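Student: Take this structure, written in structure tokens, and hold onto it; I'll ask about it next.
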Amino acid sequence: MAAVLLGLFSTRALFRSGGLQDELNRGQALDVAAEELTPLILAGGGDALVRRVRYLVRESDLGLTYLAVADAAGAILAVDGRFERLAVPLLSTLAVQRVRAWLYRLTSERGTLSLDLGPRAIGKIDYAVSAGFAVDVRERAVSELRLVGWIGLLLAFPTAAALAFAITRRPSTPTGQTPLLARVQGQGRVLEHDVDEDIVGPEVTETLRQHGIHALDALKRALIVVDPDARIRFMNRSAAEITGWSAQDARGRLVYSVFHPLDEQQAPLVTPAETCLREGREYEPKELWVRARDAKVHAVEVMAALLRERPGSAPTGAAMVFHLIDDRRDLIDRLKRQSRLSLGVIDHLVEGVLTTDTAGVIRFANVRAQRMFGYARGELDGVTLTKLLPVPFLNVPGLHLTDYIGGRHHGRLPRVVGWRKDATTFPVELLVQPMNVEDSEGLVVIVRDITERMRSDNLAQRLGRLLDAAAEEVYIFDAQSLYFVEVNRGARRNLGYPTAQINRLTPLSISQELEPETFHTHLSRLRGGEVDHITYRCKHVRADGSAYPVEVRLNFSREEEPPMFMAIAVDITDREAQEDRMRFLAQHDSLTGLPNRTTLLDRLHQAVLTASRSSRLVGVFFIDLDRFKQVNDTYGHDIGDRVLEISARRISGVLRETDTVARLGGDEFVVVAQGLRGLDDAEGLARKILEAFGPRFDIPDHELRLTPSIGVALYPLDESDAEGLLRHADAAMYQAKQSGPGQYRIYSVEVPPEKRRRLELERSLHAAFALQQFEVEVLPAFEMAGDELGAVMLDFYWQHPKQGRIPGDEVLEASGRAGLLADVELWLVYQACILLPPPEEGEIDQAPLPVVVDISGWQLKDPDFSSFVFELMERHRVPPRRLMFALSSTGLGEAQEAPAHLTRRLLERGVRFALRGSSESVFTALNRVGGLPLDLVILDPDEVAASAEDAQATERLRLVLLASKGLAIPVLADGIADSLSREWLSTQGCRYGAGPCFQARVGAREFRASQRESAPSGHG
């Protein structure tokens, strides 16, 4: 029996050698690739990984035609392949990718290998192995395996003879016991004790014992031996693993109770061993399904043979050999699906695809090729390619189809003409590639109809001539795929990508801070015709990974075929740097880097709003350094600045992340601490700040010790607003100073005079209107160059009977809280209309003197406001261009949200608009201005006055003047106190000036009287 089995397995090895070698070849290539690439993936990829992938594909002898390496997140780290460098002129990028994929499927076997490091997945490899390489390697492997098979057969014959001789000399078995049963007695170890060592010798027995069972297990081949009653007498380890039964449990059981064969419909079958025993013949190799003991179903290939004592004798049992083919079945199914998908993709290509043999006889044609040449399915099989492409292959001697392989000498080859079935012709473009599949050589021919292209100019050349010289970055990209079709020289220079790589990118590929949803919304709006263009900001990423900000204007062209988008991008690095500098200077102290007063007030306001909705307190700690002026005067400003920097760090060091510390100026710091539970928390924080100043200041060559004085105001115990809390904390700080250095005091809220004053003002506003207690003031503005009157700004104050003169800004704040702001502003508009007399009858006033009055932007949303303005202008004969409404940056934003017809009516009537506020807010508004035209920019008087001593204020003013000049908007600087400031502002392009350097504020009556006495002069 051993001889029979040895012969059987040797014969089987000869038949299976090809398939086994294919799997070993592929496994060896993948093992080598995985071993070399895994350390590089763990190291993060980079150039080393790219070089190794290129070597494995291009230079190694492993037969790999494609490798794509990805990390655990799916990000591609390196890609290379035989056809990756394939460039098909005049084909779209998508079409070239489809051709590459088809070529890989046609010439290689593809798959995916997961890379794991213990339980952790580190990446995966998508691969393709050349079928031709497998054939070459297999030829050598098959030769060696065939030799092994023949040696096995030769060994089988003497072994069989020796066994036959032993059987003839062996005594008969007891009655009723078959020879097979006799051999499997004693724990059923068949094939280990079935040969008498005295007869055949110990060498033969040891050979069978070691190389029989172990060889089967090593080859993952399962063996089950049954007696004539189909009861299992032996099964090896592989059989136990497949069936789920241990050898001990299975021994003596009927074979069908252990080995459960199933057909394709999962219906039970008779076991091959039983079939052998019943029909008395061998069971040929067959694929079927087996249900294991744990109910799992596996695909196996099984064969069975009868066991006989000698040729011609009755069977003593049967041996069944099988192995798992789950992987093979899965692979075949995947290959079938991929084949169907590949054919579907090829049939849907816009190009015709033909395959031929080396003689040019067509073996396959996709649907596009059939339609292109006018043939039905099957009519092109066996046709020579020269029948379809007679020109130039029939009229140019020595020209062959292989001359067009890979586009070689494309510029020197004759043009190709296609010949349809109906004898009409058309120009075509060819791409030819060699094909080698299963020892069969041939060609892949891709045909493209270029009739339409030849009728029009080349789009890329036309765009290149028009756009290459542009300073901006210009991108033309396809409306469907979004791939770049053309980019100009400026874009290529800024991005640093080669042209071939740019054509495989999209706007999203080179953009940062641009959400795909937002970008696709922009495209949808342009496609739908909702807008003509869209402008957005993002960052463009260079080839080296660096990024720079751009402003992109996006347009859509339906006239192009296919439709195209055009994006014009402008590098705004300098502009954003100016904006960032402005924002920093406006919000931070340049010495300590702490927030300044503007940022402090904003955060304090937010803290007050938060505290009003909770039970916690907000503490405002006003800190002033004791004897700082003495240190500054004694040791100089450099030492003083060093002391301030150290003080800022010490204060910040005792605060929580939610607290804010700001520098107001000089040696004054303010801390806003949120979430305090009571007075104890406030006092504890004040003591921590005092303790932080205990060590001496670490300044070389100087022994300095300073202590702070701290004043504390607590909200809502003190129900003041942000400014009020600061004032109260400041007052408490002075009380602490009077108590000695290094002290703190908490502001007493028993007598809040400011609160009483505020409430009194709000209650008295209605009476002030009725009693006409408001007085109008005029601040004249003059030409910086010639001292001529250029505009007048209207202001007012409240002459309160008890509290005296109250500035207009305070009145406006009180009226806003009392809900009377609209009434006060309408009263100011009325005063502006009556300030100057109307022009005389017949007088042509082409450039009337502008009268500037502050209003809120939300007023423009109210139709009643516009009607009231028109009525006043009509009643008092106000000429066009005299009335000018000044808006803050916030008010400008509100005005731009007003209905367009309301603002248009005001503009048509001659009302003009000005922008006023701090330099930071004005600069930001100028960069976003649109919709509402501006005729004047008014600089904040406090900032203008401070510019003489504050370098940061000077820089902010310079940037605003520069931005206004770029927009051709004149600037009026309020608060000019000296001639030096005037001269500097004039050199920076400021047109008008107002303030103490020119003329103080005057009452409206005095101004009107002075105007009547002076000759009229107009300034726009």
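Each chain of the structure tokens is named A, B, ... in the order shown, its residues numbered from 1; ligands are numbered from 1 in display order.
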Per DSSP on the backbone, filter segment 288-504 of chain A down to the residues in alpha helix (DSSP H) and report them as number ranges by chain.
Tutor: A: 326-347, 367-373, 385-388, 390-393, 451-455, 459-467, 489-495, 499-502
Student: Hey, what's within 12 Å of Ala963 of chain A if we count only C-alpha atoms and toss same-chain stuff fewer than 5 positions away? As a VMD selection string, please?
Tutor: chain A and resid 575 578 to 579 919 to 920 922 to 929 937 956 to 958 968 to 971 988 to 990
Student: Excluding segment 29-42 of chain A and any residue of its chain fewer than 5 positions from it, enumerate the residues within 9 Å of it, using only C-alpha atoms, and give them as a compact mmCIF listing (two decimals) with N, CA and C atoms, in the first residue's frame.
Tutor:
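Below you can see result36.txt, which holds the result:
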```txt
# COMPACT_ATOMS: atom_id res chain seq x y z
N LEU A 24 4.48 29.66 -5.24
CA LEU A 24 5.76 29.89 -4.57
C LEU A 24 6.48 31.10 -5.12
N ALA A 48 13.93 57.15 0.98
CA ALA A 48 14.47 55.78 1.03
C ALA A 48 13.42 54.77 0.59
N LEU A 49 12.18 54.96 1.04
CA LEU A 49 11.09 54.05 0.64
C LEU A 49 10.83 54.16 -0.86
N ARG A 52 13.58 52.32 -2.76
CA ARG A 52 13.49 50.87 -2.63
C ARG A 52 12.35 50.32 -3.49
N VAL A 53 11.19 51.00 -3.51
CA VAL A 53 10.07 50.55 -4.36
C VAL A 53 10.48 50.60 -5.83
N LEU A 56 12.74 47.57 -6.54
CA LEU A 56 12.04 46.29 -6.60
C LEU A 56 11.28 46.13 -7.91
N ASP A 61 14.85 41.00 -9.81
CA ASP A 61 14.40 39.90 -10.66
C ASP A 61 13.23 39.16 -10.02
N LEU A 62 12.44 39.87 -9.25
CA LEU A 62 11.30 39.23 -8.56
C LEU A 62 10.05 39.17 -9.43
N GLY A 63 10.06 39.84 -10.58
CA GLY A 63 8.89 39.80 -11.46
C GLY A 63 7.80 40.77 -11.08
N LEU A 64 8.05 41.71 -10.18
CA LEU A 64 7.04 42.69 -9.78
C LEU A 64 6.89 43.75 -10.86
N VAL A 69 2.63 51.39 -1.91
CA VAL A 69 2.79 51.20 -0.47
C VAL A 69 1.99 52.27 0.25
N ALA A 70 1.13 51.85 1.18
CA ALA A 70 0.31 52.78 1.97
C ALA A 70 0.54 52.51 3.44
N ASP A 71 0.35 53.57 4.28
CA ASP A 71 0.47 53.38 5.72
C ASP A 71 -0.84 52.86 6.29
N LEU A 77 2.37 56.15 0.33
CA LEU A 77 3.73 56.59 0.64
C LEU A 77 4.64 56.52 -0.56
N LEU A 113 -1.40 42.87 -0.11
CA LEU A 113 -0.74 42.20 1.01
C LEU A 113 -0.77 43.13 2.22
N LEU A 115 0.42 44.35 5.90
CA LEU A 115 1.65 44.30 6.69
C LEU A 115 1.29 44.52 8.15
N ASP A 116 1.62 43.56 8.99
CA ASP A 116 1.27 43.63 10.41
C ASP A 116 2.54 43.47 11.23
N LEU A 117 2.56 44.14 12.38
CA LEU A 117 3.65 44.01 13.35
C LEU A 117 3.00 43.57 14.66
N ILE A 122 0.45 47.97 10.19
CA ILE A 122 1.32 49.12 9.88
C ILE A 122 1.16 49.60 8.45
N GLY A 123 0.47 48.85 7.59
CA GLY A 123 0.28 49.31 6.22
C GLY A 123 -0.15 48.17 5.33
N ILE A 125 0.39 46.62 0.90
CA ILE A 125 1.07 46.71 -0.38
C ILE A 125 0.09 46.22 -1.46
N TYR A 127 0.06 45.07 -5.22
CA TYR A 127 1.12 44.58 -6.07
C TYR A 127 0.57 44.00 -7.35
N VAL A 129 2.24 41.02 -10.22
CA VAL A 129 3.35 40.14 -10.55
C VAL A 129 3.22 39.74 -12.00
```
Student: Between A:Phe868, A:Phe998, A:Tyr536, A:Phe234, which residue has the minimum interatomic distance to Leu789 of chain A, considering only C-alpha atoms?
Tutor: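 Closest residue, counting only C-alpha atoms: A:Phe998.
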Student: Suppose you want the space between atom CA of Leu726 of chain A and atom CA of Val620 of chain A; what is it in Å?
Tutor: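 It comes out at 6.9 Å.
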Student: Near Phe885 of chain A, within 7 Å and counting only C-alpha atoms, which residues show up once chain neighbours fewer than 5 positions away are dropped, as a PyMOL selection string?
Tutor: chain A and resi 852-855+912-914
Student: Can those selected residues be exported to a file as a short mmCIF file (atom, residue, chain, number, x, y, z; two decimals), in the first residue's frame so that it contains N, CA and C atoms?
Tutor:
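Final output, saved to selection34.cif:
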```
data_model
loop_
_atom_site.label_atom_id
_atom_site.label_comp_id
_atom_site.auth_asym_id
_atom_site.auth_seq_id
_atom_site.Cartn_x
_atom_site.Cartn_y
_atom_site.Cartn_z
N VAL A 852 -20.56 116.64 8.23
CA VAL A 852 -20.44 115.25 8.66
C VAL A 852 -21.17 115.06 9.97
N VAL A 853 -22.03 114.04 10.01
CA VAL A 853 -22.79 113.73 11.22
C VAL A 853 -22.73 112.22 11.45
N ASP A 854 -22.53 111.82 12.70
CA ASP A 854 -22.45 110.40 13.03
C ASP A 854 -23.83 109.79 13.11
N ILE A 855 -23.99 108.61 12.50
CA ILE A 855 -25.22 107.83 12.64
C ILE A 855 -24.84 106.37 12.80
N ARG A 912 -23.71 111.40 1.07
CA ARG A 912 -22.43 110.70 0.99
C ARG A 912 -22.13 110.01 2.32
N PHE A 913 -21.14 109.11 2.28
CA PHE A 913 -20.83 108.32 3.46
C PHE A 913 -19.34 108.40 3.77
N ALA A 914 -19.05 108.40 5.08
CA ALA A 914 -17.68 108.42 5.57
C ALA A 914 -17.49 107.26 6.56
#
```
Student: Which residues of segment 476-498 of chain A come within 12 Å of segment 523-530 of chain A, and what is each one's closest atom pair and distance in Å (one decimal), counting only C-alpha atoms, sorted by chain and residue number, as CSV?
Tutor:
```
residue,atom,partner,partner_atom,distance
A:Phe477,CA,A:Leu523,CA,11.7
A:Asp478,CA,A:Leu523,CA,11.5
A:Ala479,CA,A:Leu523,CA,8.6
A:Gln480,CA,A:Leu523,CA,10.4
A:Leu482,CA,A:Leu523,CA,10.2
```
Student: Between atom CA of Leu385 of chain A and atom CA of Arg368 of chain A, what is the spacing in Å?
Tutor: 15.6 Å
Student: Calculated over only C-alpha atoms, which of the candidates A:Ile699, A:Ala791, A:Ala423, A:Ile450 has the smallest distance to Arg991 of chain A?
Tutor: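 Among the listed residues, A:Ala791 lies closest to Arg991 of chain A.
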Student: Near Arg221 of chain A, counting only C-alpha atoms, which residues have an atom at most 9 Å away, once you skip same-chain residues fewer than 2 positions from it, shown as a PyMOL selection string?
Tutor: chain A and resi 215-219+223+236+238-239+321-324
Student: Might you pull out every residue within 10 Å of Glu825 of chain A, with only C-alpha atoms counted and same-chain residues fewer than 5 positions away left off, and present them as number ranges by chain?
Tutor: A: 812, 815, 820, 830-831, 853-856, 859
Student: Using only N, CA and C atoms, please write the residues we just selected to a file, as a PDB file, in the first residue's frame.
Tutor:
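See result_2.pdb below for the written result:
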```
ATOM      1  N   LEU A 812     -24.807 109.800  23.847  1.00  0.00           N
ATOM      2  CA  LEU A 812     -25.196 108.735  22.926  1.00  0.00           C
ATOM      3  C   LEU A 812     -25.216 107.382  23.629  1.00  0.00           C
ATOM      4  N   SER A 815     -28.348 107.369  25.756  1.00  0.00           N
ATOM      5  CA  SER A 815     -29.549 107.251  24.926  1.00  0.00           C
ATOM      6  C   SER A 815     -29.686 105.844  24.360  1.00  0.00           C
ATOM      7  N   LEU A 820     -33.260 105.644  23.116  1.00  0.00           N
ATOM      8  CA  LEU A 820     -33.523 106.914  22.441  1.00  0.00           C
ATOM      9  C   LEU A 820     -32.441 107.259  21.420  1.00  0.00           C
ATOM     10  N   TYR A 830     -31.129 116.612  11.552  1.00  0.00           N
ATOM     11  CA  TYR A 830     -31.861 117.873  11.389  1.00  0.00           C
ATOM     12  C   TYR A 830     -30.925 119.064  11.584  1.00  0.00           C
ATOM     13  N   GLN A 831     -30.075 119.019  12.614  1.00  0.00           N
ATOM     14  CA  GLN A 831     -29.147 120.115  12.858  1.00  0.00           C
ATOM     15  C   GLN A 831     -28.155 120.266  11.704  1.00  0.00           C
ATOM     16  N   VAL A 853     -22.030 114.041  10.013  1.00  0.00           N
ATOM     17  CA  VAL A 853     -22.790 113.734  11.224  1.00  0.00           C
ATOM     18  C   VAL A 853     -22.735 112.225  11.448  1.00  0.00           C
ATOM     19  N   ASP A 854     -22.534 111.823  12.696  1.00  0.00           N
ATOM     20  CA  ASP A 854     -22.446 110.398  13.032  1.00  0.00           C
ATOM     21  C   ASP A 854     -23.834 109.787  13.107  1.00  0.00           C
ATOM     22  N   ILE A 855     -23.991 108.614  12.498  1.00  0.00           N
ATOM     23  CA  ILE A 855     -25.224 107.828  12.643  1.00  0.00           C
ATOM     24  C   ILE A 855     -24.845 106.365  12.800  1.00  0.00           C
ATOM     25  N   SER A 856     -25.792 105.551  13.237  1.00  0.00           N
ATOM     26  CA  SER A 856     -25.603 104.107  13.365  1.00  0.00           C
ATOM     27  C   SER A 856     -25.981 103.434  12.052  1.00  0.00           C
ATOM     28  N   GLN A 859     -29.568 102.209  11.161  1.00  0.00           N
ATOM     29  CA  GLN A 859     -30.591 103.181  10.751  1.00  0.00           C
ATOM     30  C   GLN A 859     -30.919 103.029   9.268  1.00  0.00           C
TER      31      GLN A 859
END
```
Student: Identify which of the residues A:Ala547, A:Ile232, A:Leu341, A:Leu906 lies closest to Gln512 of chain A, counting only C-alpha atoms when measuring atom-to-atom distances.
Tutor: A:Ala547
Student: Enumerate the residues of segment 641-677 of chain A with a DSSP assignment of strand (DSSP E or B), computed from the backbone, and present them as a VMD selection string.
Tutor: chain A and resid 660 to 665 668 to 676
Student: Just the number, please: distance in Å from atom CA of Trp245 of chain A to atom CA of Arg231 of chain A, one decimal.
Tutor: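 Atom CA of Trp245 of chain A sits 14.1 Å away from atom CA of Arg231 of chain A.
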